[in-house]
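Q: As input, take structure30.tsv (TSV, C-alpha atoms):
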chain	number	residue	atom	x	y	z
A	1	MET	CA	-22.50	-33.71	-14.55
A	2	CYS	CA	-23.50	-30.08	-13.90
A	3	ARG	CA	-24.00	-30.80	-10.18
A	4	LYS	CA	-20.48	-32.21	-9.90
A	5	VAL	CA	-18.97	-29.17	-11.63
A	6	PHE	CA	-21.01	-26.81	-9.45
A	7	ALA	CA	-19.98	-28.69	-6.29
A	8	ALA	CA	-16.32	-28.60	-7.32
A	9	LEU	CA	-16.48	-24.87	-8.07
A	10	LEU	CA	-18.24	-24.19	-4.77
A	11	TRP	CA	-15.59	-26.17	-2.89
A	12	LEU	CA	-12.79	-24.23	-4.64
A	13	PHE	CA	-14.48	-20.93	-3.80
A	14	MET	CA	-14.87	-21.87	-0.14
A	15	VAL	CA	-11.23	-23.00	0.13
A	16	ASN	CA	-9.99	-19.79	-1.52
A	17	ALA	CA	-12.30	-17.61	0.59
A	18	SER	CA	-10.97	-19.12	3.80
A	19	TYR	CA	-7.39	-18.68	2.58
A	20	VAL	CA	-7.95	-14.99	1.87
A	21	SER	CA	-9.58	-14.31	5.22
A	22	ALA	CA	-6.73	-16.11	7.00
A	23	GLU	CA	-4.20	-13.93	5.19
A	24	THR	CA	-5.86	-10.62	6.07
A	25	GLN	CA	-5.68	-9.61	9.72
A	26	THR	CA	-6.60	-6.54	11.68
A	27	LEU	CA	-3.76	-4.05	11.57
A	28	ASP	CA	-2.97	-4.38	15.25
A	29	ASP	CA	-2.78	-8.18	14.97
A	30	ALA	CA	-0.70	-8.00	11.79
A	31	VAL	CA	1.82	-5.55	13.25
A	32	LYS	CA	2.20	-7.60	16.43
A	33	ALA	CA	2.36	-10.96	14.64
A	34	ILE	CA	5.43	-10.02	12.62
A	35	ASN	CA	6.81	-7.17	14.74
A	36	ALA	CA	6.35	-4.85	11.76
A	37	ASN	CA	8.38	-1.68	11.52
A	38	VAL	CA	6.86	-0.49	8.23
A	39	LEU	CA	3.29	0.01	7.13
A	40	PHE	CA	2.81	0.20	3.38
A	41	MET	CA	-0.37	1.87	2.20
A	42	ARG	CA	-1.67	2.06	-1.33
A	43	HIS	CA	-2.97	5.53	-2.12
A	44	ALA	CA	-6.69	6.13	-1.62
A	45	LEU	CA	-9.27	5.85	-4.40
A	46	ALA	CA	-8.20	7.51	-7.64
A	47	PRO	CA	-10.55	6.48	-10.46
A	48	GLY	CA	-9.11	5.15	-13.68
A	49	PHE	CA	-6.14	3.05	-14.65
A	50	GLY	CA	-2.56	4.24	-14.89
A	51	ASP	CA	-1.79	7.84	-15.76
A	52	PRO	CA	-2.51	9.89	-18.88
A	53	GLU	CA	0.10	10.01	-21.65
A	54	SER	CA	0.73	13.65	-20.73
A	55	PHE	CA	1.90	12.59	-17.22
A	56	THR	CA	4.39	14.90	-15.49
A	57	VAL	CA	5.32	14.14	-11.88
A	58	LYS	CA	5.36	17.82	-10.85
A	59	GLU	CA	1.97	18.66	-12.39
A	60	CYS	CA	-1.06	17.17	-10.66
A	61	ALA	CA	-3.34	18.15	-13.55
A	62	THR	CA	-1.50	15.61	-15.74
A	63	GLN	CA	-2.06	12.71	-13.30
A	64	ARG	CA	-4.81	10.44	-12.09
A	65	ASN	CA	-5.88	12.02	-8.80
A	66	LEU	CA	-8.01	11.21	-5.78
A	67	SER	CA	-11.76	11.44	-6.11
A	68	ASP	CA	-13.90	12.96	-3.35
A	69	GLU	CA	-14.53	9.40	-2.19
A	70	GLY	CA	-10.77	8.83	-2.11
A	71	ARG	CA	-10.25	11.95	-0.02
A	72	ASP	CA	-12.90	10.78	2.43
A	73	GLN	CA	-11.30	7.33	2.46
A	74	ALA	CA	-7.88	8.80	3.35
A	75	ARG	CA	-9.36	10.90	6.17
A	76	HIS	CA	-11.23	7.87	7.53
A	77	ILE	CA	-8.13	5.65	7.47
A	78	GLY	CA	-6.07	8.34	9.20
A	79	ALA	CA	-8.70	8.80	11.91
A	80	ALA	CA	-8.94	5.04	12.42
A	81	LEU	CA	-5.17	4.70	12.72
A	82	LYS	CA	-5.07	7.51	15.29
A	83	GLN	CA	-7.98	6.01	17.23
A	84	ALA	CA	-6.21	2.63	17.27
A	85	GLY	CA	-3.15	4.34	18.76
A	86	PHE	CA	-0.79	4.06	15.82
A	87	ALA	CA	1.95	6.69	15.65
A	88	PHE	CA	4.66	6.91	13.03
A	89	ASP	CA	8.24	8.09	13.35
A	90	GLU	CA	8.28	8.91	9.66
A	91	VAL	CA	5.63	9.35	6.95
A	92	LEU	CA	6.93	8.91	3.41
A	93	SER	CA	5.07	9.30	0.14
A	94	SER	CA	5.62	8.67	-3.52
A	95	GLU	CA	6.08	11.87	-5.50
A	96	TRP	CA	2.77	11.22	-7.33
A	97	CYS	CA	0.04	13.69	-6.34
A	98	ARG	CA	-2.49	10.99	-5.37
A	99	CYS	CA	0.00	9.57	-2.85
A	100	LYS	CA	1.03	12.95	-1.46
A	101	GLU	CA	-2.60	13.95	-1.04
A	102	THR	CA	-3.45	10.64	0.62
A	103	ALA	CA	-0.54	11.02	3.06
A	104	ARG	CA	-1.46	14.62	3.85
A	105	LEU	CA	-5.15	13.77	4.43
A	106	LEU	CA	-4.22	10.91	6.77
A	107	ASP	CA	-2.93	13.67	9.06
A	108	LEU	CA	-0.43	11.39	10.80
A	109	GLY	CA	2.64	13.63	10.71
A	110	ASP	CA	4.91	15.57	8.41
A	111	VAL	CA	5.03	14.01	4.97
A	112	GLN	CA	8.28	13.64	3.07
A	113	THR	CA	8.32	12.62	-0.58
A	114	PHE	CA	10.60	9.71	-1.39
A	115	SER	CA	11.50	8.60	-4.93
A	116	GLY	CA	11.86	4.98	-3.81
A	117	LEU	CA	8.06	4.83	-3.56
A	118	ASN	CA	7.35	6.10	-7.09
A	119	SER	CA	5.36	4.01	-9.54
A	120	PHE	CA	7.21	2.17	-12.26
A	121	PHE	CA	3.92	1.11	-13.85
A	122	GLN	CA	3.93	2.53	-17.40
A	123	SER	CA	7.67	3.19	-16.91
A	124	HIS	CA	7.18	6.69	-15.46
A	125	ALA	CA	9.97	5.76	-13.02
A	126	PRO	CA	12.76	3.22	-13.66
A	127	LYS	CA	11.79	0.00	-11.87
A	128	ASP	CA	15.23	-1.32	-10.92
A	129	GLU	CA	16.51	2.06	-9.72
A	130	THR	CA	13.32	2.81	-7.77
A	131	LEU	CA	13.35	-0.56	-6.00
A	132	ALA	CA	17.08	-0.24	-5.23
A	133	ILE	CA	16.46	3.13	-3.56
A	134	LEU	CA	13.56	1.66	-1.57
A	135	ARG	CA	15.53	-1.43	-0.52
A	136	ARG	CA	18.40	0.77	0.74
A	137	LYS	CA	15.90	2.75	2.81
A	138	LEU	CA	14.27	-0.42	4.18
A	139	ASP	CA	17.67	-1.89	5.04
A	140	GLY	CA	18.54	1.27	6.98
A	141	LEU	CA	15.43	1.34	9.15
A	142	SER	CA	15.66	0.47	12.82
A	143	GLU	CA	13.47	-2.18	14.36
A	144	ASP	CA	12.60	0.43	17.01
A	145	THR	CA	10.85	2.78	14.57
A	146	PHE	CA	7.56	2.59	12.72
A	147	THR	CA	7.44	4.09	9.22
A	148	LEU	CA	4.38	4.71	7.05
A	149	MET	CA	4.99	4.49	3.30
A	150	VAL	CA	2.20	5.70	0.99
A	151	THR	CA	2.80	4.31	-2.46
A	152	HIS	CA	1.41	2.33	-5.40
A	153	GLN	CA	0.20	-1.22	-5.94
A	154	VAL	CA	3.23	-2.21	-8.06
A	155	VAL	CA	5.70	-1.08	-5.40
A	156	ILE	CA	3.88	-2.85	-2.56
A	157	GLN	CA	3.63	-6.05	-4.58
A	158	ALA	CA	7.30	-5.94	-5.63
A	159	ILE	CA	8.49	-5.68	-2.01
A	160	THR	CA	5.88	-7.68	-0.08
A	161	SER	CA	4.29	-9.99	-2.71
A	162	ASN	CA	0.91	-8.70	-1.44
A	163	SER	CA	-1.72	-7.16	-3.66
A	164	VAL	CA	-3.98	-4.52	-2.10
A	165	SER	CA	-6.80	-2.32	-3.27
A	166	SER	CA	-6.88	1.46	-2.94
A	167	GLY	CA	-6.34	2.40	0.71
A	168	GLY	CA	-5.07	-1.12	1.45
A	169	LEU	CA	-2.44	-1.73	4.11
A	170	VAL	CA	0.45	-4.19	4.41
A	171	ALA	CA	2.42	-4.55	7.65
A	172	TYR	CA	6.07	-5.36	6.91
A	173	ASN	CA	9.10	-6.36	8.92
A	174	THR	CA	12.30	-5.16	7.22
A	175	PHE	CA	14.48	-7.70	9.06
A	176	THR	CA	12.50	-10.89	8.43
A	177	GLN	CA	10.82	-9.58	5.23
A	178	GLN	CA	7.51	-10.93	6.49
A	179	ALA	CA	4.43	-9.14	5.21
A	180	VAL	CA	0.77	-9.35	6.19
A	181	SER	CA	-2.13	-7.65	4.45
A	182	SER	CA	-4.29	-5.96	7.00
A	183	SER	CA	-7.34	-3.85	7.61
A	184	ILE	CA	-7.89	-1.01	10.04
A	185	ASP	CA	-10.83	-2.79	11.69
Mind converting the file's structure to structure tokens?
A:
Amino acid sequence: MCRKVFAALLWLFMVNASYVSAETQTLDDAVKAINANVLFMRHALAPGFGDPESFTVKECATQRNLSDEGRDQARHIGAALKQAGFAFDEVLSSEWCRCKETARLLDLGDVQTFSGLNSFFQSHAPKDETLAILRRKLDGLSEDTFTLMVTHQVVIQAITSNSVSSGGLVAYNTFTQQAVSSSID
């Protein structure tokens, strides 16, 4: 009986592993496959979970912030995007310090904060209002531009149905609403 259970679990793992690898593409392939005009990025590594109870959006000391590893991760991703030839017409960031720092360290252009990218996890921003602001922005983007949006897991998942880890990327087409998780490799 144990062999049958083990074999069934192994089969399920292999099926799920192949599904995940099929869903994640290199960034170049993902952008081309869906003609993406937006690249969502989850902020780089910021240890912990959520934000402290004392959270204030204008005070970085009250927030969960990037670690040294997260800063290195952001620089690496930015360098890889430049090396791959990606250029952005607009770089937008959540107002959270970990997102602003990630966007700045990517060094891919002037960074503008945008409330439509703020985290509604823990209700620090109103979910419905935040997503409405973001959807209006997405609806107004041209298919001829390429916009980078540095934000949070909950925002990316709400718009694209994709879950990504810190520093993760999702290519998105605002017209077809197709989304593909991707890597910079």
Q: So which one's closest to Arg71 of chain A, A:Lys58, A:His124, A:Arg42, A:Arg98? Using all atoms listed in the file, please.
A: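 Answer, going by the shortest atom-to-atom distance: A:Arg98.
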Q: Kindly indicate which residue among A:Thr147, A:Ser163, A:Asn35, A:Gln25 lies nearest to Gln178 of chain A, using all atoms listed in the file for the distances.
A: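 The shortest atom-to-atom distance to Gln178 of chain A comes from A:Asn35.
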Q: For segment 82-92 of chain A, work out the shell of residues within 10 Å, counting all atoms listed in the file and skipping chain neighbours fewer than 6 positions away, then give it as a PyMOL selection string.
A: chain A and resi 27-28+37-40+76+99-100+103-104+106-117+144-151+184-185
Q: Could you tell me how far atom CA of Ala171 of chain A lies from atom CA of Gly78 of chain A, in Å and to one decimal?
A: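 Those two atoms sit 15.5 Å apart.
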Q: Find the residues around Leu45 of chain A up to 12 Å (all atoms listed in the file counted), leave out those fewer than 4 positions away in its own chain, and share them as a PyMOL selection string.
A: chain A and resi 41+49+64-75+77+98-99+101-102+152-153+164-168
Q: Give me the residues near Phe175 of chain A as a ChimeraX atom specification, where near means some atom within 9 Å (using only C-alpha atoms) and where sequence neighbours in that chain fewer than 4 positions away do not count.
A: /A:37,138-139,143
Q: Could you jot down the atom CA of Phe120 of chain A to atom CA of Gln63 of chain A separation for me, Å, one decimal place?
A: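 So the two atoms, atom CA of Phe120 of chain A and atom CA of Gln63 of chain A, lie 14.1 Å apart.
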Q: Kindly indicate which residue among A:Thr174, A:Phe55, A:Thr26, A:His43 lies nearest to Ser142 of chain A, using only C-alpha atoms for the distances.
A: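 Smallest separation from Ser142 of chain A among the options: A:Thr174.
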Q: Would you fill out segment 136-147 of chain A with all heavy atoms and return it as a PDB file, in the frame of the given file?
A:
ATOM      1  N   ARG A 136      17.387   0.129  -0.112  1.00  0.00           N
ATOM      2  CA  ARG A 136      18.400   0.770   0.740  1.00  0.00           C
ATOM      3  C   ARG A 136      17.744   1.444   1.943  1.00  0.00           C
ATOM      4  O   ARG A 136      18.240   1.349   3.066  1.00  0.00           O
ATOM      5  CB  ARG A 136      19.225   1.789  -0.057  1.00  0.00           C
ATOM      6  CG  ARG A 136      20.314   1.156  -0.901  1.00  0.00           C
ATOM      7  CD  ARG A 136      21.309   2.166  -1.438  1.00  0.00           C
ATOM      8  NE  ARG A 136      20.727   3.190  -2.287  1.00  0.00           N
ATOM      9  CZ  ARG A 136      20.505   3.065  -3.596  1.00  0.00           C
ATOM     10  NH1 ARG A 136      20.820   1.947  -4.227  1.00  0.00           N
ATOM     11  NH2 ARG A 136      19.993   4.066  -4.279  1.00  0.00           N
ATOM     12  N   LYS A 137      16.618   2.097   1.712  1.00  0.00           N
ATOM     13  CA  LYS A 137      15.900   2.750   2.810  1.00  0.00           C
ATOM     14  C   LYS A 137      15.407   1.703   3.797  1.00  0.00           C
ATOM     15  O   LYS A 137      15.571   1.860   5.014  1.00  0.00           O
ATOM     16  CB  LYS A 137      14.722   3.564   2.256  1.00  0.00           C
ATOM     17  CG  LYS A 137      13.828   4.188   3.301  1.00  0.00           C
ATOM     18  CD  LYS A 137      14.548   5.266   4.066  1.00  0.00           C
ATOM     19  CE  LYS A 137      13.600   5.985   5.012  1.00  0.00           C
ATOM     20  NZ  LYS A 137      14.303   6.984   5.825  1.00  0.00           N
ATOM     21  N   LEU A 138      14.786   0.637   3.304  1.00  0.00           N
ATOM     22  CA  LEU A 138      14.270  -0.420   4.180  1.00  0.00           C
ATOM     23  C   LEU A 138      15.394  -1.059   4.984  1.00  0.00           C
ATOM     24  O   LEU A 138      15.238  -1.313   6.175  1.00  0.00           O
ATOM     25  CB  LEU A 138      13.520  -1.472   3.364  1.00  0.00           C
ATOM     26  CG  LEU A 138      12.224  -1.007   2.688  1.00  0.00           C
ATOM     27  CD1 LEU A 138      11.705  -2.079   1.739  1.00  0.00           C
ATOM     28  CD2 LEU A 138      11.171  -0.609   3.703  1.00  0.00           C
ATOM     29  N   ASP A 139      16.525  -1.282   4.346  1.00  0.00           N
ATOM     30  CA  ASP A 139      17.670  -1.890   5.040  1.00  0.00           C
ATOM     31  C   ASP A 139      18.218  -0.981   6.137  1.00  0.00           C
ATOM     32  O   ASP A 139      18.803  -1.468   7.104  1.00  0.00           O
ATOM     33  CB  ASP A 139      18.793  -2.211   4.049  1.00  0.00           C
ATOM     34  CG  ASP A 139      18.465  -3.388   3.139  1.00  0.00           C
ATOM     35  OD1 ASP A 139      17.505  -4.137   3.437  1.00  0.00           O
ATOM     36  OD2 ASP A 139      19.163  -3.544   2.120  1.00  0.00           O
ATOM     37  N   GLY A 140      18.024   0.320   6.005  1.00  0.00           N
ATOM     38  CA  GLY A 140      18.540   1.270   6.980  1.00  0.00           C
ATOM     39  C   GLY A 140      17.607   1.589   8.127  1.00  0.00           C
ATOM     40  O   GLY A 140      17.972   2.311   9.054  1.00  0.00           O
ATOM     41  N   LEU A 141      16.392   1.053   8.093  1.00  0.00           N
ATOM     42  CA  LEU A 141      15.430   1.340   9.150  1.00  0.00           C
ATOM     43  C   LEU A 141      15.728   0.530  10.397  1.00  0.00           C
ATOM     44  O   LEU A 141      16.125  -0.633  10.322  1.00  0.00           O
ATOM     45  CB  LEU A 141      14.002   1.049   8.678  1.00  0.00           C
ATOM     46  CG  LEU A 141      13.451   1.988   7.603  1.00  0.00           C
ATOM     47  CD1 LEU A 141      12.073   1.517   7.144  1.00  0.00           C
ATOM     48  CD2 LEU A 141      13.388   3.424   8.100  1.00  0.00           C
ATOM     49  N   SER A 142      15.482   1.124  11.535  1.00  0.00           N
ATOM     50  CA  SER A 142      15.660   0.470  12.820  1.00  0.00           C
ATOM     51  C   SER A 142      14.419  -0.347  13.158  1.00  0.00           C
ATOM     52  O   SER A 142      13.306   0.007  12.757  1.00  0.00           O
ATOM     53  CB  SER A 142      15.893   1.535  13.893  1.00  0.00           C
ATOM     54  OG  SER A 142      15.740   0.982  15.172  1.00  0.00           O
ATOM     55  N   GLU A 143      14.622  -1.402  13.909  1.00  0.00           N
ATOM     56  CA  GLU A 143      13.470  -2.180  14.360  1.00  0.00           C
ATOM     57  C   GLU A 143      12.683  -1.444  15.441  1.00  0.00           C
ATOM     58  O   GLU A 143      11.575  -1.837  15.783  1.00  0.00           O
ATOM     59  CB  GLU A 143      13.900  -3.563  14.835  1.00  0.00           C
ATOM     60  CG  GLU A 143      14.857  -3.564  15.996  1.00  0.00           C
ATOM     61  CD  GLU A 143      15.378  -4.962  16.293  1.00  0.00           C
ATOM     62  OE1 GLU A 143      14.664  -5.953  16.059  1.00  0.00           O
ATOM     63  OE2 GLU A 143      16.525  -5.050  16.755  1.00  0.00           O
ATOM     64  N   ASP A 144      13.250  -0.363  15.958  1.00  0.00           N
ATOM     65  CA  ASP A 144      12.600   0.430  17.010  1.00  0.00           C
ATOM     66  C   ASP A 144      11.733   1.555  16.468  1.00  0.00           C
ATOM     67  O   ASP A 144      11.159   2.317  17.252  1.00  0.00           O
ATOM     68  CB  ASP A 144      13.657   1.041  17.937  1.00  0.00           C
ATOM     69  CG  ASP A 144      14.497  -0.011  18.630  1.00  0.00           C
ATOM     70  OD1 ASP A 144      14.035  -1.159  18.735  1.00  0.00           O
ATOM     71  OD2 ASP A 144      15.614   0.324  19.056  1.00  0.00           O
ATOM     72  N   THR A 145      11.664   1.703  15.153  1.00  0.00           N
ATOM     73  CA  THR A 145      10.850   2.780  14.570  1.00  0.00           C
ATOM     74  C   THR A 145       9.686   2.171  13.801  1.00  0.00           C
ATOM     75  O   THR A 145       9.664   0.982  13.492  1.00  0.00           O
ATOM     76  CB  THR A 145      11.698   3.657  13.623  1.00  0.00           C
ATOM     77  OG1 THR A 145      12.181   2.841  12.546  1.00  0.00           O
ATOM     78  CG2 THR A 145      12.854   4.316  14.354  1.00  0.00           C
ATOM     79  N   PHE A 146       8.718   3.021  13.499  1.00  0.00           N
ATOM     80  CA  PHE A 146       7.560   2.590  12.720  1.00  0.00           C
ATOM     81  C   PHE A 146       7.348   3.627  11.632  1.00  0.00           C
ATOM     82  O   PHE A 146       7.105   4.805  11.920  1.00  0.00           O
ATOM     83  CB  PHE A 146       6.337   2.464  13.631  1.00  0.00           C
ATOM     84  CG  PHE A 146       5.201   1.663  13.051  1.00  0.00           C
ATOM     85  CD1 PHE A 146       5.418   0.550  12.250  1.00  0.00           C
ATOM     86  CD2 PHE A 146       3.896   2.018  13.326  1.00  0.00           C
ATOM     87  CE1 PHE A 146       4.367  -0.196  11.742  1.00  0.00           C
ATOM     88  CE2 PHE A 146       2.828   1.282  12.825  1.00  0.00           C
ATOM     89  CZ  PHE A 146       3.069   0.172  12.032  1.00  0.00           C
ATOM     90  N   THR A 147       7.483   3.200  10.380  1.00  0.00           N
ATOM     91  CA  THR A 147       7.440   4.090   9.220  1.00  0.00           C
ATOM     92  C   THR A 147       6.222   3.789   8.367  1.00  0.00           C
ATOM     93  O   THR A 147       5.963   2.624   8.047  1.00  0.00           O
ATOM     94  CB  THR A 147       8.724   3.935   8.380  1.00  0.00           C
ATOM     95  OG1 THR A 147       9.851   4.206   9.215  1.00  0.00           O
ATOM     96  CG2 THR A 147       8.724   4.878   7.198  1.00  0.00           C
TER      97      THR A 147
END
